[in-house]
$ cat query18.tsv   # TSV, C-alpha atoms
chain	number	residue	atom	x	y	z
A	1	MET	CA	-17.46	1.12	0.67
A	2	SER	CA	-20.69	3.03	0.56
A	3	LYS	CA	-22.70	0.04	1.77
A	4	LYS	CA	-21.93	-2.16	4.74
A	5	ILE	CA	-21.02	-5.58	3.49
A	6	ALA	CA	-18.84	-7.65	5.74
A	7	GLY	CA	-19.01	-5.94	9.10
A	8	PRO	CA	-17.30	-2.81	10.39
A	9	GLU	CA	-13.94	-4.55	10.92
A	10	ILE	CA	-13.20	-4.90	7.20
A	11	GLU	CA	-14.50	-1.42	6.43
A	12	ARG	CA	-12.29	0.12	9.08
A	13	LEU	CA	-9.27	-1.75	7.75
A	14	VAL	CA	-9.98	-0.49	4.21
A	15	GLN	CA	-10.48	3.04	5.50
A	16	LEU	CA	-7.21	3.07	7.48
A	17	LEU	CA	-5.16	1.45	4.71
A	18	SER	CA	-6.44	4.00	2.20
A	19	ARG	CA	-4.74	6.70	4.28
A	20	MET	CA	-1.32	5.21	3.51
A	21	PRO	CA	0.69	6.97	0.80
A	22	GLY	CA	0.20	5.33	-2.56
A	23	LEU	CA	-3.00	3.50	-1.61
A	24	GLY	CA	-6.43	4.81	-2.60
A	25	PRO	CA	-9.78	3.28	-1.61
A	26	ARG	CA	-9.63	0.81	-4.48
A	27	SER	CA	-6.09	-0.41	-3.86
A	28	ALA	CA	-6.80	-0.47	-0.11
A	29	ARG	CA	-9.64	-2.93	-0.77
A	30	LYS	CA	-7.30	-5.06	-2.86
A	31	ALA	CA	-4.73	-4.92	-0.06
A	32	VAL	CA	-7.30	-5.98	2.57
A	33	LEU	CA	-8.37	-8.91	0.40
A	34	ALA	CA	-4.74	-9.96	-0.04
A	35	LEU	CA	-4.20	-9.71	3.73
A	36	LEU	CA	-7.29	-11.77	4.56
A	37	LYS	CA	-6.56	-14.31	1.86
A	38	ARG	CA	-2.97	-14.78	3.02
A	39	ARG	CA	-3.78	-14.79	6.72
A	40	ASN	CA	-0.87	-16.89	7.98
A	41	GLU	CA	1.77	-15.70	5.52
A	42	LEU	CA	0.94	-11.99	5.55
A	43	LEU	CA	-1.81	-10.72	7.86
A	44	ILE	CA	-0.55	-12.28	11.10
A	45	PRO	CA	3.19	-11.56	10.57
A	46	LEU	CA	2.43	-7.99	9.48
A	47	THR	CA	0.18	-7.40	12.49
A	48	GLU	CA	2.94	-8.68	14.76
A	49	ALA	CA	5.58	-6.55	13.05
A	50	MET	CA	3.40	-3.48	13.48
A	51	GLN	CA	2.77	-4.32	17.12
A	52	GLN	CA	6.55	-4.52	17.58
A	53	ALA	CA	6.91	-1.15	15.86
A	54	VAL	CA	4.31	0.41	18.15
A	55	GLU	CA	6.06	-0.95	21.22
A	56	LYS	CA	9.69	-0.49	20.31
A	57	ILE	CA	10.30	2.22	17.72
A	58	SER	CA	10.51	5.83	18.82
A	59	GLU	CA	11.98	9.10	17.61
A	60	CYS	CA	15.54	9.85	18.68
A	61	PRO	CA	15.43	12.89	21.02
A	62	THR	CA	18.77	14.08	19.61
A	63	CYS	CA	18.48	13.79	15.84
A	64	GLY	CA	14.89	12.78	15.08
A	65	ASN	CA	15.81	9.41	13.54
A	66	LEU	CA	13.49	6.45	14.17
A	67	ASP	CA	15.00	3.52	16.04
A	68	THR	CA	14.42	0.89	18.69
A	69	VAL	CA	17.08	2.41	20.93
A	70	SER	CA	17.12	5.94	22.31
A	71	PRO	CA	19.29	7.85	21.46
A	72	CYS	CA	19.33	6.12	18.05
A	73	SER	CA	22.10	3.74	17.01
A	74	ILE	CA	23.66	6.42	14.76
A	75	CYS	CA	23.83	8.95	17.62
A	76	GLN	CA	25.30	6.23	19.84
A	77	ASP	CA	27.89	5.12	17.28
A	78	ALA	CA	31.24	6.25	18.71
A	79	ARG	CA	33.05	5.81	15.36
A	80	ARG	CA	31.11	8.61	13.70
A	81	ASP	CA	32.45	12.09	13.15
A	82	ASP	CA	30.91	14.48	15.71
A	83	SER	CA	32.08	17.55	13.83
A	84	LEU	CA	29.71	17.06	10.85
A	85	ILE	CA	25.92	17.16	11.06
A	86	VAL	CA	24.01	16.18	7.92
A	87	VAL	CA	20.60	17.87	7.97
A	88	VAL	CA	17.81	16.03	6.11
A	89	GLU	CA	14.09	16.57	5.66
A	90	GLU	CA	12.84	13.09	6.58
A	91	VAL	CA	14.04	9.84	8.18
A	92	GLY	CA	13.78	8.22	4.72
A	93	ASP	CA	16.61	10.51	3.61
A	94	ILE	CA	18.84	9.06	6.35
A	95	TRP	CA	18.01	5.59	5.01
A	96	ALA	CA	18.92	6.66	1.47
A	97	LEU	CA	22.25	8.17	2.57
A	98	GLU	CA	23.05	5.16	4.79
A	99	ARG	CA	22.27	2.78	1.93
A	100	ALA	CA	24.75	4.76	-0.19
A	101	ASN	CA	27.22	4.20	2.67
A	102	ILE	CA	29.09	7.45	2.12
A	103	ILE	CA	28.66	9.34	5.37
A	104	GLN	CA	30.15	8.50	8.76
A	105	ALA	CA	28.79	11.53	10.56
A	106	ARG	CA	25.71	12.56	12.56
A	107	TYR	CA	22.30	13.41	11.18
A	108	HIS	CA	19.54	15.83	12.02
A	109	VAL	CA	15.98	15.33	10.79
A	110	LEU	CA	14.01	18.56	10.29
A	111	GLY	CA	10.75	16.66	9.85
A	112	GLY	CA	9.84	18.25	6.52
A	113	HIS	CA	10.40	21.51	4.68
A	114	LEU	CA	9.04	25.03	5.02
A	115	SER	CA	5.72	25.34	3.22
A	116	PRO	CA	3.84	28.51	4.20
A	117	LEU	CA	0.82	27.54	2.05
A	118	ASP	CA	0.43	24.33	4.06
A	119	GLY	CA	0.96	26.21	7.33
A	120	ILE	CA	4.41	24.70	7.88
A	121	GLY	CA	6.54	27.49	9.33
A	122	PRO	CA	9.94	27.24	11.06
A	123	ASP	CA	8.23	26.38	14.38
A	124	LYS	CA	6.88	23.12	12.86
A	125	LEU	CA	10.38	21.90	11.95
A	126	ASN	CA	13.04	20.75	14.39
A	127	ILE	CA	15.29	23.77	13.77
A	128	ALA	CA	15.66	24.72	17.43
A	129	GLY	CA	17.15	21.28	18.12
A	130	LEU	CA	19.69	21.79	15.34
A	131	LEU	CA	20.74	25.21	16.68
A	132	ALA	CA	21.12	23.73	20.16
A	133	ARG	CA	23.35	20.94	18.83
A	134	VAL	CA	25.47	23.42	16.86
A	135	SER	CA	25.86	25.70	19.90
A	136	THR	CA	27.71	23.01	21.88
A	137	GLY	CA	30.91	23.81	19.95
A	138	THR	CA	31.70	20.27	18.77
A	139	VAL	CA	30.18	20.80	15.34
A	140	LYS	CA	32.43	22.27	12.63
A	141	GLU	CA	30.25	21.74	9.55
A	142	VAL	CA	26.54	21.51	8.82
A	143	LEU	CA	25.69	19.86	5.46
A	144	LEU	CA	22.17	20.81	4.38
A	145	ALA	CA	21.25	17.64	2.44
A	146	LEU	CA	17.72	18.81	1.66
A	147	ASN	CA	15.76	17.91	-1.46
A	148	ALA	CA	16.65	19.84	-4.61
A	149	THR	CA	13.07	21.13	-4.78
A	150	VAL	CA	11.90	24.73	-4.40
A	151	GLU	CA	10.73	23.98	-0.84
A	152	GLY	CA	13.88	22.08	0.09
A	153	GLN	CA	16.13	24.81	-1.20
A	154	SER	CA	14.21	27.67	0.45
A	155	THR	CA	14.35	25.70	3.71
A	156	ALA	CA	18.11	25.34	3.20
A	157	HIS	CA	18.45	29.10	2.73
A	158	TYR	CA	16.42	29.77	5.86
A	159	VAL	CA	18.46	27.37	8.02
A	160	SER	CA	21.70	28.59	6.47
A	161	ASP	CA	20.83	32.19	7.45
A	162	LEU	CA	20.17	31.11	11.04
A	163	LEU	CA	23.55	29.35	11.17
A	164	ALA	CA	25.49	32.27	9.63
A	165	SER	CA	26.44	33.77	13.00
A	166	SER	CA	27.27	30.42	14.65
A	167	GLY	CA	30.74	30.14	13.13
A	168	VAL	CA	30.20	26.66	11.64
A	169	SER	CA	30.77	25.98	7.98
A	170	VAL	CA	27.47	25.42	6.13
A	171	SER	CA	27.45	23.35	2.94
A	172	ARG	CA	24.97	21.75	0.55
A	173	LEU	CA	25.11	18.77	-1.83
A	174	ALA	CA	26.50	19.42	-5.31
A	175	GLN	CA	23.97	19.75	-8.10
A	176	GLY	CA	24.55	18.47	-11.61
A	177	VAL	CA	24.05	15.55	-13.98
A	178	PRO	CA	23.22	12.36	-12.05
A	179	MET	CA	25.33	9.23	-12.67
A	180	GLY	CA	24.08	7.49	-15.79
A	181	GLY	CA	22.02	10.55	-16.66
A	182	GLU	CA	21.39	11.18	-20.34
A	183	LEU	CA	21.48	14.89	-21.20
A	184	ASP	CA	18.53	14.46	-23.55
A	185	TYR	CA	16.32	13.40	-20.64
A	186	LEU	CA	17.43	16.00	-18.09
A	187	ASP	CA	15.43	19.14	-17.30
A	188	GLU	CA	16.81	22.57	-18.13
A	189	GLY	CA	17.33	23.49	-14.47
A	190	THR	CA	19.66	20.53	-13.93
A	191	LEU	CA	21.55	21.26	-17.13
A	192	ALA	CA	21.92	24.93	-16.18
A	193	ALA	CA	23.19	24.00	-12.69
A	194	ALA	CA	25.63	21.47	-14.16
A	195	PHE	CA	26.90	24.07	-16.65
A	196	LYS	CA	27.36	26.76	-14.00
A	197	ALA	CA	29.22	24.37	-11.71
A	198	ARG	CA	31.35	22.86	-14.52
A	199	ARG	CA	34.78	21.64	-13.47
A	200	LYS	CA	38.15	21.54	-15.20
A	201	ILE	CA	39.31	18.01	-16.10
B	1	MET	CA	17.28	-2.25	2.50
B	2	SER	CA	20.58	-3.83	1.70
B	3	LYS	CA	22.20	-2.40	4.82
B	4	LYS	CA	20.85	-2.59	8.35
B	5	ILE	CA	19.94	0.88	9.43
B	6	ALA	CA	17.34	1.15	12.12
B	7	GLY	CA	17.10	-2.31	13.59
B	8	PRO	CA	15.39	-5.44	12.29
B	9	GLU	CA	11.90	-4.23	13.28
B	10	ILE	CA	11.71	-1.57	10.58
B	11	GLU	CA	13.32	-3.81	7.98
B	12	ARG	CA	10.81	-6.57	8.68
B	13	LEU	CA	7.92	-4.11	8.38
B	14	VAL	CA	9.24	-2.87	5.02
B	15	GLN	CA	9.72	-6.42	3.82
B	16	LEU	CA	6.20	-7.53	4.81
B	17	LEU	CA	4.51	-4.41	3.44
B	18	SER	CA	6.31	-4.83	0.10
B	19	ARG	CA	4.44	-8.13	-0.31
B	20	MET	CA	1.10	-6.33	-0.47
B	21	PRO	CA	-0.37	-5.83	-3.94
B	22	GLY	CA	0.53	-2.43	-5.36
B	23	LEU	CA	3.45	-1.83	-2.98
B	24	GLY	CA	7.05	-2.41	-4.04
B	25	PRO	CA	10.13	-2.04	-1.81
B	26	ARG	CA	10.28	1.70	-2.42
B	27	SER	CA	6.63	2.45	-1.70
B	28	ALA	CA	6.75	0.04	1.26
B	29	ARG	CA	9.53	2.18	2.77
B	30	LYS	CA	7.41	5.28	2.20
B	31	ALA	CA	4.45	3.55	3.83
B	32	VAL	CA	6.52	2.53	6.87
B	33	LEU	CA	7.76	6.10	7.28
B	34	ALA	CA	4.18	7.40	7.06
B	35	LEU	CA	3.09	4.83	9.66
B	36	LEU	CA	5.90	5.72	12.07
B	37	LYS	CA	5.44	9.43	11.56
B	38	ARG	CA	1.71	9.24	12.18
B	39	ARG	CA	1.94	6.85	15.09
B	40	ASN	CA	-1.25	7.82	16.92
B	41	GLU	CA	-3.40	8.63	13.91
B	42	LEU	CA	-2.38	5.71	11.68
B	43	LEU	CA	0.05	3.11	13.05
B	44	ILE	CA	-1.79	2.31	16.29
B	45	PRO	CA	-5.36	2.31	14.87
B	46	LEU	CA	-4.24	0.21	11.88
B	47	THR	CA	-2.45	-2.27	14.12
B	48	GLU	CA	-5.59	-2.59	16.23
B	49	ALA	CA	-7.83	-2.98	13.17
B	50	MET	CA	-5.56	-5.73	11.87
B	51	GLN	CA	-5.54	-7.44	15.24
B	52	GLN	CA	-9.35	-7.37	15.15
B	53	ALA	CA	-9.26	-8.83	11.65
B	54	VAL	CA	-6.95	-11.64	12.77
B	55	GLU	CA	-9.23	-12.47	15.68
B	56	LYS	CA	-12.65	-12.03	14.14
B	57	ILE	CA	-12.67	-12.42	10.36
B	58	SER	CA	-12.86	-15.86	8.84
B	59	GLU	CA	-13.90	-17.52	5.62
B	60	CYS	CA	-17.53	-18.58	5.41
B	61	PRO	CA	-17.60	-22.40	5.26
B	62	THR	CA	-20.63	-22.26	2.96
B	63	CYS	CA	-19.80	-19.66	0.32
B	64	GLY	CA	-16.19	-18.59	0.93
B	65	ASN	CA	-17.07	-14.97	1.76
B	66	LEU	CA	-15.03	-13.22	4.49
B	67	ASP	CA	-16.97	-12.08	7.53
B	68	THR	CA	-16.93	-11.79	11.30
B	69	VAL	CA	-19.82	-14.24	11.62
B	70	SER	CA	-19.84	-17.82	10.42
B	71	PRO	CA	-21.77	-18.62	8.24
B	72	CYS	CA	-21.39	-15.13	6.78
B	73	SER	CA	-24.10	-12.49	7.07
B	74	ILE	CA	-25.14	-13.02	3.44
B	75	CYS	CA	-25.59	-16.77	3.95
B	76	GLN	CA	-27.53	-16.03	7.16
B	77	ASP	CA	-29.77	-13.40	5.53
B	78	ALA	CA	-33.24	-14.99	5.42
B	79	ARG	CA	-34.53	-12.43	2.90
B	80	ARG	CA	-32.22	-13.62	0.15
B	81	ASP	CA	-33.27	-15.89	-2.67
B	82	ASP	CA	-32.01	-19.44	-2.02
B	83	SER	CA	-32.73	-20.52	-5.57
B	84	LEU	CA	-29.99	-18.38	-7.17
B	85	ILE	CA	-26.25	-18.79	-6.51
B	86	VAL	CA	-23.97	-16.14	-8.00
B	87	VAL	CA	-20.51	-17.65	-8.55
B	88	VAL	CA	-17.59	-15.20	-8.36
B	89	GLU	CA	-13.80	-15.54	-8.51
B	90	GLU	CA	-12.90	-13.51	-5.42
B	91	VAL	CA	-14.49	-11.98	-2.32
B	92	GLY	CA	-13.81	-8.54	-3.84
B	93	ASP	CA	-16.31	-9.42	-6.56
B	94	ILE	CA	-19.00	-9.94	-3.89
B	95	TRP	CA	-18.16	-6.46	-2.56
B	96	ALA	CA	-18.47	-4.98	-6.05
B	97	LEU	CA	-21.85	-6.65	-6.68
B	98	GLU	CA	-23.12	-5.73	-3.20
B	99	ARG	CA	-22.07	-2.10	-3.72
B	100	ALA	CA	-24.08	-2.13	-6.95
B	101	ASN	CA	-26.97	-3.39	-4.80
B	102	ILE	CA	-28.57	-5.46	-7.55
B	103	ILE	CA	-28.53	-9.01	-6.24
B	104	GLN	CA	-30.55	-10.45	-3.39
B	105	ALA	CA	-29.29	-13.99	-3.75
B	106	ARG	CA	-26.52	-16.22	-2.43
B	107	TYR	CA	-22.89	-16.18	-3.53
B	108	HIS	CA	-20.17	-18.74	-4.02
B	109	VAL	CA	-16.49	-17.75	-4.11
B	110	LEU	CA	-14.30	-20.02	-6.26
B	111	GLY	CA	-11.12	-18.44	-4.92
B	112	GLY	CA	-9.65	-17.60	-8.33
B	113	HIS	CA	-9.78	-18.91	-11.87
B	114	LEU	CA	-8.31	-21.90	-13.67
B	115	SER	CA	-4.76	-21.17	-14.75
B	116	PRO	CA	-2.86	-24.32	-15.75
B	117	LEU	CA	0.36	-22.38	-16.32
B	118	ASP	CA	0.30	-21.21	-12.68
B	119	GLY	CA	-0.59	-24.70	-11.49
B	120	ILE	CA	-4.16	-23.71	-10.61
B	121	GLY	CA	-6.32	-26.65	-11.60
B	122	PRO	CA	-9.93	-27.40	-10.63
B	123	ASP	CA	-8.79	-28.93	-7.31
B	124	LYS	CA	-7.39	-25.53	-6.20
B	125	LEU	CA	-10.79	-23.83	-6.61
B	126	ASN	CA	-13.83	-24.37	-4.41
B	127	ILE	CA	-15.80	-26.15	-7.15
B	128	ALA	CA	-16.65	-29.22	-5.04
B	129	GLY	CA	-18.40	-26.93	-2.54
B	130	LEU	CA	-20.49	-25.42	-5.34
B	131	LEU	CA	-21.53	-28.84	-6.67
B	132	ALA	CA	-22.49	-29.89	-3.14
B	133	ARG	CA	-24.66	-26.79	-2.69
B	134	VAL	CA	-26.33	-27.34	-6.06
B	135	SER	CA	-27.03	-30.99	-5.27
B	136	THR	CA	-29.31	-30.11	-2.34
B	137	GLY	CA	-32.12	-29.31	-4.78
B	138	THR	CA	-32.91	-25.79	-3.51
B	139	VAL	CA	-30.90	-24.08	-6.24
B	140	LYS	CA	-32.67	-23.36	-9.54
B	141	GLU	CA	-30.08	-21.10	-11.21
B	142	VAL	CA	-26.31	-20.66	-11.07
B	143	LEU	CA	-25.07	-17.31	-12.43
B	144	LEU	CA	-21.39	-17.53	-13.35
B	145	ALA	CA	-20.37	-13.91	-12.66
B	146	LEU	CA	-16.71	-14.49	-13.51
B	147	ASN	CA	-14.37	-11.92	-15.00
B	148	ALA	CA	-14.68	-11.34	-18.76
B	149	THR	CA	-11.07	-12.42	-19.18
B	150	VAL	CA	-9.78	-15.50	-21.01
B	151	GLU	CA	-9.15	-17.25	-17.67
B	152	GLY	CA	-12.51	-16.21	-16.20
B	153	GLN	CA	-14.41	-17.38	-19.25
B	154	SER	CA	-12.60	-20.71	-19.54
B	155	THR	CA	-13.32	-21.29	-15.84
B	156	ALA	CA	-16.98	-20.47	-16.54
B	157	HIS	CA	-17.05	-23.06	-19.35
B	158	TYR	CA	-15.47	-25.67	-17.12
B	159	VAL	CA	-17.93	-25.10	-14.26
B	160	SER	CA	-20.83	-24.86	-16.68
B	161	ASP	CA	-19.94	-28.31	-18.10
B	162	LEU	CA	-19.87	-29.81	-14.60
B	163	LEU	CA	-23.30	-28.35	-13.87
B	164	ALA	CA	-24.84	-29.50	-17.18
B	165	SER	CA	-26.18	-32.74	-15.72
B	166	SER	CA	-27.43	-31.19	-12.47
B	167	GLY	CA	-30.64	-29.83	-13.93
B	168	VAL	CA	-30.10	-26.23	-12.75
B	169	SER	CA	-30.14	-23.34	-15.19
B	170	VAL	CA	-26.65	-21.92	-15.74
B	171	SER	CA	-26.27	-18.27	-16.84
B	172	ARG	CA	-23.56	-15.66	-17.26
B	173	LEU	CA	-23.51	-11.84	-17.18
B	174	ALA	CA	-24.38	-10.07	-20.42
B	175	GLN	CA	-21.47	-8.67	-22.40
B	176	GLY	CA	-21.61	-5.41	-24.33
B	177	VAL	CA	-20.98	-1.70	-24.23
B	178	PRO	CA	-20.55	-0.50	-20.59
B	179	MET	CA	-22.70	2.39	-19.35
B	180	GLY	CA	-21.13	5.66	-20.46
B	181	GLY	CA	-18.82	3.75	-22.79
B	182	GLU	CA	-17.71	5.55	-25.94
B	183	LEU	CA	-17.49	3.26	-28.96
B	184	ASP	CA	-14.27	4.91	-30.09
B	185	TYR	CA	-12.53	3.77	-26.91
B	186	LEU	CA	-13.83	0.22	-26.76
B	187	ASP	CA	-11.81	-2.79	-27.86
B	188	GLU	CA	-12.89	-4.86	-30.84
B	189	GLY	CA	-13.85	-7.86	-28.72
B	190	THR	CA	-16.38	-5.80	-26.75
B	191	LEU	CA	-17.78	-4.24	-29.91
B	192	ALA	CA	-18.11	-7.65	-31.55
B	193	ALA	CA	-19.87	-9.07	-28.47
B	194	ALA	CA	-22.21	-6.08	-28.32
B	195	PHE	CA	-23.01	-6.43	-32.03
B	196	LYS	CA	-23.69	-10.16	-31.80
B	197	ALA	CA	-25.96	-9.67	-28.78
B	198	ARG	CA	-27.75	-6.63	-30.25
B	199	ARG	CA	-31.35	-6.17	-29.14
B	200	LYS	CA	-34.46	-4.81	-30.85
B	201	ILE	CA	-35.63	-1.48	-29.46

$ encode --input "query18.tsv" --output "structure tokens"
Amino acid sequence: MSKKIAGPEIERLVQLLSRMPGLGPRSARKAVLALLKRRNELLIPLTEAMQQAVEKISECPTCGNLDTVSPCSICQDARRDDSLIVVVEEVGDIWALERANIIQARYHVLGGHLSPLDGIGPDKLNIAGLLARVSTGTVKEVLLALNATVEGQSTAHYVSDLLASSGVSVSRLAQGVPMGGELDYLDEGTLAAAFKARRKI
Amino acid sequence: MSKKIAGPEIERLVQLLSRMPGLGPRSARKAVLALLKRRNELLIPLTEAMQQAVEKISECPTCGNLDTVSPCSICQDARRDDSLIVVVEEVGDIWALERANIIQARYHVLGGHLSPLDGIGPDKLNIAGLLARVSTGTVKEVLLALNATVEGQSTAHYVSDLLASSGVSVSRLAQGVPMGGELDYLDEGTLAAAFKARRKI
């Protein structure tokens, strides 16, 4: 808002909300109006939930996951396989993999991907923590479950090189046609990867 | 999240954020991750700003505007013209008109538009408050600055009928080609309205 209208409180709320991903100044104003209009059903519960998050949620010192307990509930889970560490870029990737309910192992959050143009070098990612975990000898395999983007894959190569001398097996997710994928809608890179990695049936 | 991953605190935050306009479950998860990742720069300041909003911002009993003072700063502003009330659907419309900096009058927020299919009849809008303000005798003109949608315009007709016997002049915003508008891109309704309301130059 270029002009002060309803006091600095509303303006500050608009300004902060517009910094969230997916919200611009216009949608932030709409969001603030929705919050103020639905005070008891939305604004107050959301404020309380955020207060709880501020007080209780912290980053796991072992794997970088976000949780209310420290170490996180995944690191504390005795039923999980200690020999496999699944390396991901962000905590959201842990959520996606846990929703899929396919992995009963440990995770490690790098906190992003290498991006020299944005000034994100290896020192900005939690790579040292990963090497320390691998060096304990319990880990047999490191699965680099990074995004299939240029940045994700170059980060995977970098980490993979660092792990080459550690003696652990390093793997990555398979690439190919996604379930339900229609060939006509897939990009050439995916089709080429699926062709190269074709399997006998 | 169909599966519990990082404790009920994060799930509740995702669930509440997904109720905001423009955010679905997926973008709400992204927003929560951004909040937790940028704890000091975003989560804590936003929580505080919302706490301030909960404590300080309320609906103006006179006009329905949202403000930290009651009556709101516009209703309290002695320099504004008491004889003109600009009727809008939502508080966001006041913000838009105030940003344009064209009106030095009073406002009245209806709180929406008539929408029988959604169960929003005249009793759900603050029409009684408008009639009460008009009946004091200070008001000479009521400008129905409602959206140029079917619902906005039928609400304008309804309110206009109620005000017919009050003796005040009832007006609406002009319709026509918007500034910078290219005829080729305008809908037929706008072109027809602009043609009908054409002016001698």

$ residues_around --input "query18.tsv" --residues "A:Glu188" --least-positions-apart "5" --cutoff "12 Å" --atoms "only C-alpha atoms" --output "PDB file with C-alpha atoms, in the frame of the given file"
ATOM      1  CA  GLY A 176      24.550  18.470 -11.610  1.00  0.00           C
ATOM      2  CA  VAL A 177      24.050  15.550 -13.980  1.00  0.00           C
ATOM      3  CA  LEU A 183      21.480  14.890 -21.200  1.00  0.00           C
ATOM      4  CA  ALA A 193      23.190  24.000 -12.690  1.00  0.00           C
ATOM      5  CA  ALA A 194      25.630  21.470 -14.160  1.00  0.00           C
ATOM      6  CA  PHE A 195      26.900  24.070 -16.650  1.00  0.00           C
TER       7      PHE A 195
END

$ atom_distance --input "query18.tsv" --atom1 "atom CA of B:His113" --atom2 "atom CA of A:Leu16"
29.4 Å

$ atom_distance --input "query18.tsv" --atom1 "atom CA of A:Val134" --atom2 "atom CA of A:Gly112"
19.4 Å

$ closest_residue --input "query18.tsv" --among "A:Pro61, A:Gly92, A:Pro71, A:Pro116" --to "chain B" --atoms "only C-alpha atoms"
A:Gly92

$ closest_residue --input "query18.tsv" --among "A:Asp118, A:Glu9, A:Glu89, A:Asp184" --to "A:Thr155" --atoms "only C-alpha atoms"
A:Glu89

$ residues_near_point --input "query18.tsv" --point "(-23.1, -5.0, -17.4)" --cutoff "12 Å" --atoms "only C-alpha atoms" --output "list of chain:residue names"
B:Leu97, B:Ala100, B:Ile102, B:Ala145, B:Asn147, B:Ala148, B:Arg172, B:Leu173, B:Ala174, B:Gln175, B:Gly176, B:Val177, B:Pro178, B:Met179, B:Gly180, B:Gly181, B:Thr190, B:Ala194

$ decode --input "query18.tsv" --residues "stretch 122-175 of chain A" --atoms "C-alpha atoms" --output "mmCIF file, in the first residue's frame"
data_model
loop_
_atom_site.group_PDB
_atom_site.id
_atom_site.type_symbol
_atom_site.label_atom_id
_atom_site.label_comp_id
_atom_site.auth_asym_id
_atom_site.auth_seq_id
_atom_site.Cartn_x
_atom_site.Cartn_y
_atom_site.Cartn_z
ATOM 1 C CA PRO A 122 29.125 -26.307 -0.690
ATOM 2 C CA ASP A 123 29.721 -24.404 2.580
ATOM 3 C CA LYS A 124 26.077 -23.199 2.570
ATOM 4 C CA LEU A 125 24.729 -26.765 2.456
ATOM 5 C CA ASN A 126 24.867 -29.281 5.291
ATOM 6 C CA ILE A 127 27.403 -31.525 3.523
ATOM 7 C CA ALA A 128 29.866 -31.654 6.420
ATOM 8 C CA GLY A 129 27.128 -33.142 8.611
ATOM 9 C CA LEU A 130 26.483 -35.847 6.022
ATOM 10 C CA LEU A 131 30.184 -36.763 5.785
ATOM 11 C CA ALA A 132 30.375 -36.946 9.580
ATOM 12 C CA ARG A 133 27.384 -39.295 9.709
ATOM 13 C CA VAL A 134 28.841 -41.493 6.971
ATOM 14 C CA SER A 135 32.226 -41.661 8.724
ATOM 15 C CA THR A 136 30.744 -43.422 11.767
ATOM 16 C CA GLY A 137 30.757 -46.725 9.844
ATOM 17 C CA THR A 138 27.095 -47.633 10.373
ATOM 18 C CA VAL A 139 26.010 -46.332 6.981
ATOM 19 C CA LYS A 140 26.248 -48.727 4.014
ATOM 20 C CA GLU A 141 24.340 -46.752 1.374
ATOM 21 C CA VAL A 142 23.667 -43.096 0.638
ATOM 22 C CA LEU A 143 20.691 -42.484 -1.707
ATOM 23 C CA LEU A 144 20.931 -39.022 -3.266
ATOM 24 C CA ALA A 145 17.198 -38.271 -3.672
ATOM 25 C CA LEU A 146 17.769 -34.781 -5.068
ATOM 26 C CA ASN A 147 15.519 -33.038 -7.571
ATOM 27 C CA ALA A 148 15.926 -34.099 -11.205
ATOM 28 C CA THR A 149 16.863 -30.516 -12.095
ATOM 29 C CA VAL A 150 20.221 -29.274 -13.379
ATOM 30 C CA GLU A 151 21.053 -27.891 -9.919
ATOM 31 C CA GLY A 152 19.870 -31.000 -8.100
ATOM 32 C CA GLN A 153 21.863 -33.293 -10.330
ATOM 33 C CA SER A 154 25.073 -31.225 -10.192
ATOM 34 C CA THR A 155 24.724 -31.190 -6.398
ATOM 35 C CA ALA A 156 24.327 -34.981 -6.513
ATOM 36 C CA HIS A 157 27.516 -35.294 -8.556
ATOM 37 C CA TYR A 158 29.400 -33.066 -6.144
ATOM 38 C CA VAL A 159 28.263 -35.002 -3.052
ATOM 39 C CA SER A 160 28.824 -38.306 -4.813
ATOM 40 C CA ASP A 161 32.454 -37.331 -5.548
ATOM 41 C CA LEU A 162 33.011 -36.465 -1.880
ATOM 42 C CA LEU A 163 31.622 -39.851 -0.834
ATOM 43 C CA ALA A 164 33.659 -41.840 -3.389
ATOM 44 C CA SER A 165 36.511 -42.552 -0.965
ATOM 45 C CA SER A 166 34.247 -43.326 2.018
ATOM 46 C CA GLY A 167 33.477 -46.889 0.952
ATOM 47 C CA VAL A 168 29.677 -46.498 1.104
ATOM 48 C CA SER A 169 27.493 -47.303 -1.859
ATOM 49 C CA VAL A 170 26.055 -44.140 -3.444
ATOM 50 C CA SER A 171 22.805 -44.345 -5.407
ATOM 51 C CA ARG A 172 20.225 -42.049 -6.978
ATOM 52 C CA LEU A 173 16.510 -42.376 -7.808
ATOM 53 C CA ALA A 174 15.645 -43.972 -11.151
ATOM 54 C CA GLN A 175 14.621 -41.623 -13.931
#
